[in-house]
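Chemist: Structure supplied as my_file38.cif; contents: mmCIF, N, CA and C atoms and all ligand atoms.
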data_coords
#
loop_
_atom_site.label_atom_id
_atom_site.label_comp_id
_atom_site.auth_asym_id
_atom_site.auth_seq_id
_atom_site.Cartn_x
_atom_site.Cartn_y
_atom_site.Cartn_z
N MET A 11 80.34 90.30 85.27
CA MET A 11 81.23 89.15 85.38
C MET A 11 82.64 89.56 84.95
N ALA A 12 83.63 89.03 85.65
CA ALA A 12 85.03 89.33 85.31
C ALA A 12 85.75 88.04 85.00
N THR A 13 86.62 88.11 84.01
CA THR A 13 87.47 86.97 83.69
C THR A 13 88.87 87.29 84.18
N VAL A 14 89.42 86.39 84.99
CA VAL A 14 90.70 86.64 85.64
C VAL A 14 91.68 85.51 85.32
N LYS A 15 92.90 85.89 84.93
CA LYS A 15 93.94 84.87 84.75
C LYS A 15 94.45 84.45 86.13
N VAL A 16 94.45 83.14 86.38
CA VAL A 16 94.86 82.67 87.71
C VAL A 16 96.14 81.83 87.69
N ALA A 17 96.51 81.33 86.52
CA ALA A 17 97.70 80.47 86.47
C ALA A 17 98.09 80.25 85.02
N GLU A 18 99.27 79.68 84.85
CA GLU A 18 99.68 79.14 83.56
C GLU A 18 99.32 77.65 83.59
N VAL A 19 99.04 77.11 82.41
CA VAL A 19 98.70 75.68 82.33
C VAL A 19 99.78 74.84 83.02
N SER A 20 101.04 75.22 82.80
CA SER A 20 102.15 74.43 83.33
C SER A 20 102.29 74.53 84.85
N ASP A 21 101.56 75.47 85.48
CA ASP A 21 101.65 75.61 86.94
C ASP A 21 100.93 74.47 87.67
N VAL A 22 99.99 73.81 86.99
CA VAL A 22 99.15 72.81 87.66
C VAL A 22 99.22 71.49 86.88
N PRO A 23 100.14 70.62 87.25
CA PRO A 23 100.27 69.35 86.54
C PRO A 23 98.98 68.52 86.63
N VAL A 24 98.78 67.65 85.67
CA VAL A 24 97.62 66.76 85.65
C VAL A 24 97.53 66.00 86.97
N GLY A 25 96.31 65.96 87.52
CA GLY A 25 96.08 65.19 88.74
C GLY A 25 96.44 65.93 90.01
N THR A 26 96.62 67.26 89.91
CA THR A 26 96.96 68.02 91.11
C THR A 26 96.06 69.25 91.23
N GLY A 27 96.19 69.91 92.39
CA GLY A 27 95.45 71.14 92.64
C GLY A 27 96.39 72.23 93.10
N LYS A 28 95.87 73.46 93.11
CA LYS A 28 96.68 74.61 93.52
C LYS A 28 95.74 75.67 94.06
N VAL A 29 96.19 76.37 95.09
CA VAL A 29 95.43 77.49 95.62
C VAL A 29 95.77 78.73 94.80
N VAL A 30 94.74 79.43 94.31
CA VAL A 30 94.98 80.63 93.49
C VAL A 30 94.10 81.77 94.00
N GLN A 31 94.49 82.97 93.64
CA GLN A 31 93.73 84.17 94.01
C GLN A 31 93.07 84.73 92.77
N ALA A 32 91.82 85.15 92.91
CA ALA A 32 91.12 85.74 91.77
C ALA A 32 90.08 86.73 92.28
N GLY A 33 90.27 87.99 91.96
CA GLY A 33 89.28 89.01 92.31
C GLY A 33 88.95 89.05 93.78
N GLY A 34 89.93 88.87 94.64
CA GLY A 34 89.70 88.91 96.08
C GLY A 34 89.21 87.61 96.66
N LYS A 35 89.00 86.60 95.82
CA LYS A 35 88.59 85.29 96.32
C LYS A 35 89.79 84.34 96.31
N THR A 36 89.76 83.37 97.18
CA THR A 36 90.76 82.31 97.18
C THR A 36 90.08 81.06 96.64
N LEU A 37 90.63 80.55 95.55
CA LEU A 37 90.01 79.42 94.86
C LEU A 37 90.96 78.24 94.81
N ALA A 38 90.40 77.07 94.60
CA ALA A 38 91.18 75.85 94.41
C ALA A 38 91.06 75.47 92.94
N LEU A 39 92.20 75.44 92.26
CA LEU A 39 92.23 75.12 90.84
C LEU A 39 92.79 73.70 90.67
N PHE A 40 92.09 72.89 89.87
CA PHE A 40 92.50 71.49 89.69
C PHE A 40 92.65 71.19 88.21
N ASN A 41 93.57 70.30 87.91
CA ASN A 41 93.76 69.81 86.54
C ASN A 41 93.45 68.32 86.52
N LEU A 42 92.28 67.99 85.95
CA LEU A 42 91.89 66.58 85.84
C LEU A 42 92.07 66.15 84.40
N GLY A 43 93.13 65.44 84.13
CA GLY A 43 93.36 64.91 82.79
C GLY A 43 93.44 65.98 81.72
N GLY A 44 93.92 67.17 82.11
CA GLY A 44 94.06 68.26 81.14
C GLY A 44 92.88 69.21 81.12
N THR A 45 91.81 68.89 81.86
CA THR A 45 90.67 69.80 81.97
C THR A 45 90.73 70.47 83.35
N PHE A 46 90.61 71.79 83.34
CA PHE A 46 90.73 72.54 84.59
C PHE A 46 89.35 72.77 85.21
N HIS A 47 89.34 72.76 86.55
CA HIS A 47 88.13 73.02 87.33
C HIS A 47 88.50 73.93 88.49
N ALA A 48 87.56 74.79 88.87
CA ALA A 48 87.81 75.68 90.01
C ALA A 48 86.68 75.58 91.02
N LEU A 49 87.08 75.47 92.28
CA LEU A 49 86.14 75.43 93.40
C LEU A 49 86.51 76.56 94.37
N ASP A 50 85.55 76.95 95.20
CA ASP A 50 85.91 77.79 96.33
C ASP A 50 86.94 77.01 97.14
N ASN A 51 88.02 77.68 97.56
CA ASN A 51 89.06 76.96 98.30
C ASN A 51 88.62 76.56 99.70
N ARG A 52 87.59 77.22 100.23
CA ARG A 52 87.18 76.98 101.62
C ARG A 52 86.25 75.78 101.71
N CYS A 53 86.71 74.75 102.38
CA CYS A 53 85.86 73.60 102.66
C CYS A 53 84.63 74.06 103.43
N THR A 54 83.46 73.51 103.09
CA THR A 54 82.23 73.93 103.76
C THR A 54 82.08 73.35 105.16
N HIS A 55 83.01 72.51 105.57
CA HIS A 55 82.97 72.02 106.96
C HIS A 55 83.49 73.10 107.90
N MET A 56 84.81 73.37 107.85
CA MET A 56 85.37 74.40 108.73
C MET A 56 86.40 75.26 108.02
N GLY A 57 86.33 75.28 106.69
CA GLY A 57 87.18 76.22 105.95
C GLY A 57 88.54 75.72 105.55
N GLY A 58 88.76 74.43 105.60
CA GLY A 58 90.06 73.88 105.19
C GLY A 58 90.37 74.20 103.73
N PRO A 59 91.67 74.24 103.39
CA PRO A 59 92.10 74.65 102.05
C PRO A 59 92.03 73.50 101.04
N LEU A 60 90.96 73.46 100.27
CA LEU A 60 90.77 72.33 99.34
C LEU A 60 91.85 72.25 98.28
N GLY A 61 92.41 73.39 97.92
CA GLY A 61 93.47 73.39 96.89
C GLY A 61 94.74 72.70 97.35
N GLU A 62 94.83 72.43 98.67
CA GLU A 62 96.00 71.70 99.20
C GLU A 62 95.65 70.25 99.48
N GLY A 63 94.42 69.83 99.11
CA GLY A 63 94.00 68.47 99.40
C GLY A 63 94.54 67.47 98.38
N ALA A 64 94.47 66.20 98.75
CA ALA A 64 94.91 65.13 97.86
C ALA A 64 93.85 64.89 96.79
N VAL A 65 94.30 64.75 95.56
CA VAL A 65 93.41 64.51 94.43
C VAL A 65 93.50 63.04 94.04
N GLU A 66 92.30 62.43 93.90
CA GLU A 66 92.27 61.04 93.44
C GLU A 66 91.10 60.93 92.48
N GLY A 67 91.37 60.62 91.24
CA GLY A 67 90.31 60.62 90.24
C GLY A 67 89.74 62.02 90.13
N ASN A 68 88.40 62.12 90.25
CA ASN A 68 87.78 63.46 90.19
C ASN A 68 87.41 63.97 91.58
N ARG A 69 88.09 63.45 92.60
CA ARG A 69 87.76 63.82 93.98
C ARG A 69 88.94 64.47 94.68
N VAL A 70 88.61 65.39 95.58
CA VAL A 70 89.66 65.97 96.43
C VAL A 70 89.25 65.75 97.88
N THR A 71 90.25 65.44 98.70
CA THR A 71 90.04 65.23 100.13
C THR A 71 90.55 66.43 100.90
N CYS A 72 89.70 67.03 101.71
CA CYS A 72 90.11 68.19 102.51
C CYS A 72 91.24 67.77 103.46
N PRO A 73 92.32 68.56 103.51
CA PRO A 73 93.45 68.18 104.36
C PRO A 73 93.18 68.30 105.85
N TRP A 74 92.09 68.97 106.24
CA TRP A 74 91.86 69.17 107.68
C TRP A 74 91.14 67.99 108.33
N HIS A 75 89.96 67.60 107.83
CA HIS A 75 89.21 66.52 108.50
C HIS A 75 88.71 65.47 107.53
N GLY A 76 89.16 65.51 106.30
CA GLY A 76 88.90 64.40 105.39
C GLY A 76 87.60 64.42 104.60
N SER A 77 86.88 65.53 104.59
CA SER A 77 85.71 65.58 103.69
C SER A 77 86.17 65.39 102.25
N ILE A 78 85.32 64.74 101.48
CA ILE A 78 85.66 64.48 100.08
C ILE A 78 84.64 65.20 99.20
N PHE A 79 85.14 65.91 98.19
CA PHE A 79 84.28 66.65 97.26
C PHE A 79 84.54 66.18 95.83
N ASN A 80 83.48 66.22 95.04
CA ASN A 80 83.61 65.99 93.60
C ASN A 80 84.13 67.28 92.97
N ILE A 81 85.28 67.22 92.35
CA ILE A 81 85.92 68.41 91.79
C ILE A 81 85.11 68.97 90.62
N THR A 82 84.38 68.13 89.93
CA THR A 82 83.69 68.60 88.72
C THR A 82 82.41 69.36 89.02
N ASN A 83 81.80 69.13 90.21
CA ASN A 83 80.55 69.83 90.50
C ASN A 83 80.44 70.37 91.92
N GLY A 84 81.47 70.15 92.74
CA GLY A 84 81.49 70.69 94.09
C GLY A 84 80.67 69.91 95.10
N GLU A 85 80.03 68.82 94.67
CA GLU A 85 79.16 68.07 95.59
C GLU A 85 79.99 67.32 96.63
N VAL A 86 79.39 67.14 97.81
CA VAL A 86 80.03 66.37 98.86
C VAL A 86 79.94 64.89 98.52
N VAL A 87 81.07 64.21 98.62
CA VAL A 87 81.11 62.76 98.38
C VAL A 87 81.30 62.03 99.71
N GLY A 88 81.99 62.68 100.66
CA GLY A 88 82.22 62.05 101.96
C GLY A 88 82.22 63.09 103.06
N PRO A 89 81.69 62.75 104.26
CA PRO A 89 81.59 63.69 105.38
C PRO A 89 82.97 63.97 105.99
N PRO A 90 83.06 64.92 106.94
CA PRO A 90 81.96 65.54 107.68
C PRO A 90 81.26 66.71 106.98
N ALA A 91 81.79 67.27 105.90
CA ALA A 91 81.08 68.37 105.23
C ALA A 91 79.72 67.87 104.75
N ARG A 92 78.74 68.77 104.73
CA ARG A 92 77.41 68.40 104.25
C ARG A 92 76.94 69.27 103.10
N ARG A 93 77.56 70.45 102.96
CA ARG A 93 77.13 71.36 101.90
C ARG A 93 78.16 71.38 100.77
N PRO A 94 77.71 71.48 99.52
CA PRO A 94 78.66 71.53 98.40
C PRO A 94 79.46 72.83 98.42
N VAL A 95 80.58 72.82 97.74
CA VAL A 95 81.35 74.06 97.55
C VAL A 95 80.99 74.66 96.20
N ALA A 96 81.12 75.98 96.12
CA ALA A 96 80.82 76.68 94.87
C ALA A 96 81.85 76.32 93.80
N THR A 97 81.39 76.27 92.56
CA THR A 97 82.28 76.02 91.42
C THR A 97 82.29 77.26 90.53
N PHE A 98 83.35 77.40 89.76
CA PHE A 98 83.51 78.56 88.88
C PHE A 98 83.95 78.07 87.50
N PRO A 99 83.41 78.68 86.45
CA PRO A 99 83.80 78.27 85.10
C PRO A 99 85.27 78.60 84.82
N VAL A 100 85.94 77.65 84.20
CA VAL A 100 87.36 77.81 83.87
C VAL A 100 87.53 77.61 82.38
N HIS A 101 88.36 78.40 81.75
CA HIS A 101 88.75 78.09 80.38
C HIS A 101 90.21 78.41 80.16
N VAL A 102 90.74 77.83 79.11
CA VAL A 102 92.15 77.95 78.82
C VAL A 102 92.30 78.67 77.49
N GLU A 103 93.17 79.67 77.48
CA GLU A 103 93.52 80.36 76.23
C GLU A 103 95.02 80.31 76.11
N GLY A 104 95.52 79.55 75.14
CA GLY A 104 96.96 79.38 75.02
C GLY A 104 97.47 78.70 76.27
N ASN A 105 98.40 79.37 76.95
CA ASN A 105 98.94 78.80 78.19
C ASN A 105 98.31 79.42 79.43
N LYS A 106 97.25 80.22 79.22
CA LYS A 106 96.65 80.93 80.36
C LYS A 106 95.39 80.19 80.85
N VAL A 107 95.31 80.04 82.16
CA VAL A 107 94.10 79.48 82.76
C VAL A 107 93.27 80.65 83.31
N LEU A 108 92.05 80.77 82.82
CA LEU A 108 91.19 81.91 83.15
C LEU A 108 89.95 81.43 83.90
N ILE A 109 89.52 82.21 84.88
CA ILE A 109 88.32 81.88 85.63
C ILE A 109 87.33 83.03 85.49
N ASP A 110 86.06 82.65 85.28
CA ASP A 110 84.98 83.64 85.22
C ASP A 110 84.41 83.80 86.61
N LEU A 111 84.45 85.02 87.11
CA LEU A 111 83.88 85.32 88.43
C LEU A 111 82.56 86.04 88.25
N PRO A 112 81.60 85.75 89.12
CA PRO A 112 80.30 86.43 89.01
C PRO A 112 80.42 87.92 89.30
S1 LIG B 201 87.54 71.74 107.20
FE1 LIG B 201 87.39 70.35 105.55
S2 LIG B 201 86.81 68.51 106.47
FE2 LIG B 201 86.87 69.91 108.10
#
Take the structure in the file and write it out as structure tokens.
Modeler:
Amino acid sequence: MATVKVAEVSDVPVGTGKVVQAGGKTLALFNLGGTFHALDNRCTHMGGPLGEGAVEGNRVTCPWHGSIFNITNGEVVGPPARRPVATFPVHVEGNKVLIDLP
């Protein structure tokens, strides 16, 4: 397992998401009320960039066709996607946002 710094805390304001790179993967990093979460950036429908989606509560809407995912666990909340997206553990050290990659 590798731990990779992907952002500074200040890069991702509360209630927003950001596309980040970590160990060759493209991930979607979200800040929900000061707690960070990371999902695979690729929507399981057709690969839309979830890190560019609109965040509302703990949900993100894919910008391509409107699938909705739960940011905290990657589960599908609204179609057309049917499969959950992978999640990755995130932790914060000082001002650094770190992601654990398998
Ligand atoms: S690619 Fe995300 S809803 Fe289609």
Chemist: Pick the closest to ligand LIG 201 (chain B) from A:Leu49, A:Ala38, A:Ala12, A:Ala91: which is it, counting all atoms listed in the file?
Modeler: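 When distances to ligand LIG 201 (chain B) are compared using all atoms listed in the file, the smallest one comes from A:Ala91.
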Chemist: Would you mind listing the residues within 6 Å of ligand LIG 201 (chain B), counting only C-alpha atoms and all ligand atoms, as a VMD selection string?
Modeler: chain A and resid 53 55 to 58 72 74 to 77 90 to 91
Chemist: Would you output that residue set with N, CA and C atoms, as an mmCIF file, in the coordinates of the input?
Modeler:
data_model
loop_
_atom_site.group_PDB
_atom_site.id
_atom_site.type_symbol
_atom_site.label_atom_id
_atom_site.label_comp_id
_atom_site.auth_asym_id
_atom_site.auth_seq_id
_atom_site.Cartn_x
_atom_site.Cartn_y
_atom_site.Cartn_z
ATOM 1 N N CYS A 53 86.710 74.750 102.380
ATOM 2 C CA CYS A 53 85.860 73.600 102.660
ATOM 3 C C CYS A 53 84.630 74.060 103.430
ATOM 4 N N HIS A 55 83.010 72.510 105.570
ATOM 5 C CA HIS A 55 82.970 72.020 106.960
ATOM 6 C C HIS A 55 83.490 73.100 107.900
ATOM 7 N N MET A 56 84.810 73.370 107.850
ATOM 8 C CA MET A 56 85.370 74.400 108.730
ATOM 9 C C MET A 56 86.400 75.260 108.020
ATOM 10 N N GLY A 57 86.330 75.280 106.690
ATOM 11 C CA GLY A 57 87.180 76.220 105.950
ATOM 12 C C GLY A 57 88.540 75.720 105.550
ATOM 13 N N GLY A 58 88.760 74.430 105.600
ATOM 14 C CA GLY A 58 90.060 73.880 105.190
ATOM 15 C C GLY A 58 90.370 74.200 103.730
ATOM 16 N N CYS A 72 89.700 67.030 101.710
ATOM 17 C CA CYS A 72 90.110 68.190 102.510
ATOM 18 C C CYS A 72 91.240 67.770 103.460
ATOM 19 N N TRP A 74 92.090 68.970 106.240
ATOM 20 C CA TRP A 74 91.860 69.170 107.680
ATOM 21 C C TRP A 74 91.140 67.990 108.330
ATOM 22 N N HIS A 75 89.960 67.600 107.830
ATOM 23 C CA HIS A 75 89.210 66.520 108.500
ATOM 24 C C HIS A 75 88.710 65.470 107.530
ATOM 25 N N GLY A 76 89.160 65.510 106.300
ATOM 26 C CA GLY A 76 88.900 64.400 105.390
ATOM 27 C C GLY A 76 87.600 64.420 104.600
ATOM 28 N N SER A 77 86.880 65.530 104.590
ATOM 29 C CA SER A 77 85.710 65.580 103.690
ATOM 30 C C SER A 77 86.170 65.390 102.250
ATOM 31 N N PRO A 90 83.060 64.920 106.940
ATOM 32 C CA PRO A 90 81.960 65.540 107.680
ATOM 33 C C PRO A 90 81.260 66.710 106.980
ATOM 34 N N ALA A 91 81.790 67.270 105.900
ATOM 35 C CA ALA A 91 81.080 68.370 105.230
ATOM 36 C C ALA A 91 79.720 67.870 104.750
#
Chemist: Counting only C-alpha atoms, what is within 9 Å of A:Thr82, bar same-chain residues fewer than 3 positions away, as a list in words?
Modeler: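 Once the nearby chain positions are removed, what remains is Leu42, His47, Ala48, Leu49, Asn68, Arg69, Phe79, Glu85 and Thr97 of chain A.
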Chemist: Have a look at atom CA of A:Gly44 and atom CA of A:Arg92 and let me know their distance in Å, one decimal.
Modeler: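 Spanning atom CA of A:Gly44 to atom CA of A:Arg92 is a straight-line distance of 28.5 Å.
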Chemist: Excluding A:Val70 and any residue of its chain fewer than 6 positions from it, enumerate the residues within 6 Å of it, using all atoms listed in the file, and give them as a short mmCIF file (atom, residue, chain, number, x, y, z; two decimals) with N, CA and C atoms, in the coordinates of the input.
Modeler:
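Output below, filename around35.cif:
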data_model
loop_
_atom_site.label_atom_id
_atom_site.label_comp_id
_atom_site.auth_asym_id
_atom_site.auth_seq_id
_atom_site.Cartn_x
_atom_site.Cartn_y
_atom_site.Cartn_z
N GLY A 63 94.42 69.83 99.11
CA GLY A 63 94.00 68.47 99.40
C GLY A 63 94.54 67.47 98.38
N ALA A 64 94.47 66.20 98.75
CA ALA A 64 94.91 65.13 97.86
C ALA A 64 93.85 64.89 96.79
N SER A 77 86.88 65.53 104.59
CA SER A 77 85.71 65.58 103.69
C SER A 77 86.17 65.39 102.25
N ILE A 78 85.32 64.74 101.48
CA ILE A 78 85.66 64.48 100.08
C ILE A 78 84.64 65.20 99.20
N PHE A 79 85.14 65.91 98.19
CA PHE A 79 84.28 66.65 97.26
C PHE A 79 84.54 66.18 95.83
N ASN A 80 83.48 66.22 95.04
CA ASN A 80 83.61 65.99 93.60
C ASN A 80 84.13 67.28 92.97
N ILE A 81 85.28 67.22 92.35
CA ILE A 81 85.92 68.41 91.79
C ILE A 81 85.11 68.97 90.62
#
Chemist: Just the number, please: distance in Å from atom CA of A:Asn105 to atom CA of A:Thr36, one decimal.
Modeler: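 A separation of 21.0 Å between them.
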Chemist: Restricting the calculation to only N, CA and C atoms, which member of A:Ala17, A:Val29, A:Val100, A:Leu111 is positioned closest to A:Thr45?
Modeler: A:Val100
Chemist: Smallest atom-to-atom distance to A:Asp21: which of A:Gly43, A:Glu66, A:Val107, A:Gly84, using only C-alpha atoms?
Modeler: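 That would be A:Val107, the residue with the smallest distance to A:Asp21.
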Chemist: Enter the distance from atom CA of A:Asn41 to atom CA of A:Val95, in Å, rounded to one decimal.
Modeler: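 Interatomic distance, atom CA of A:Asn41 to atom CA of A:Val95: 17.1 Å.
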Chemist: Have a look at A:Ile109, A:Val86, A:Lys28, A:Pro59 and name the one nearest to A:Pro73; count only N, CA and C atoms.
Modeler: A:Pro59
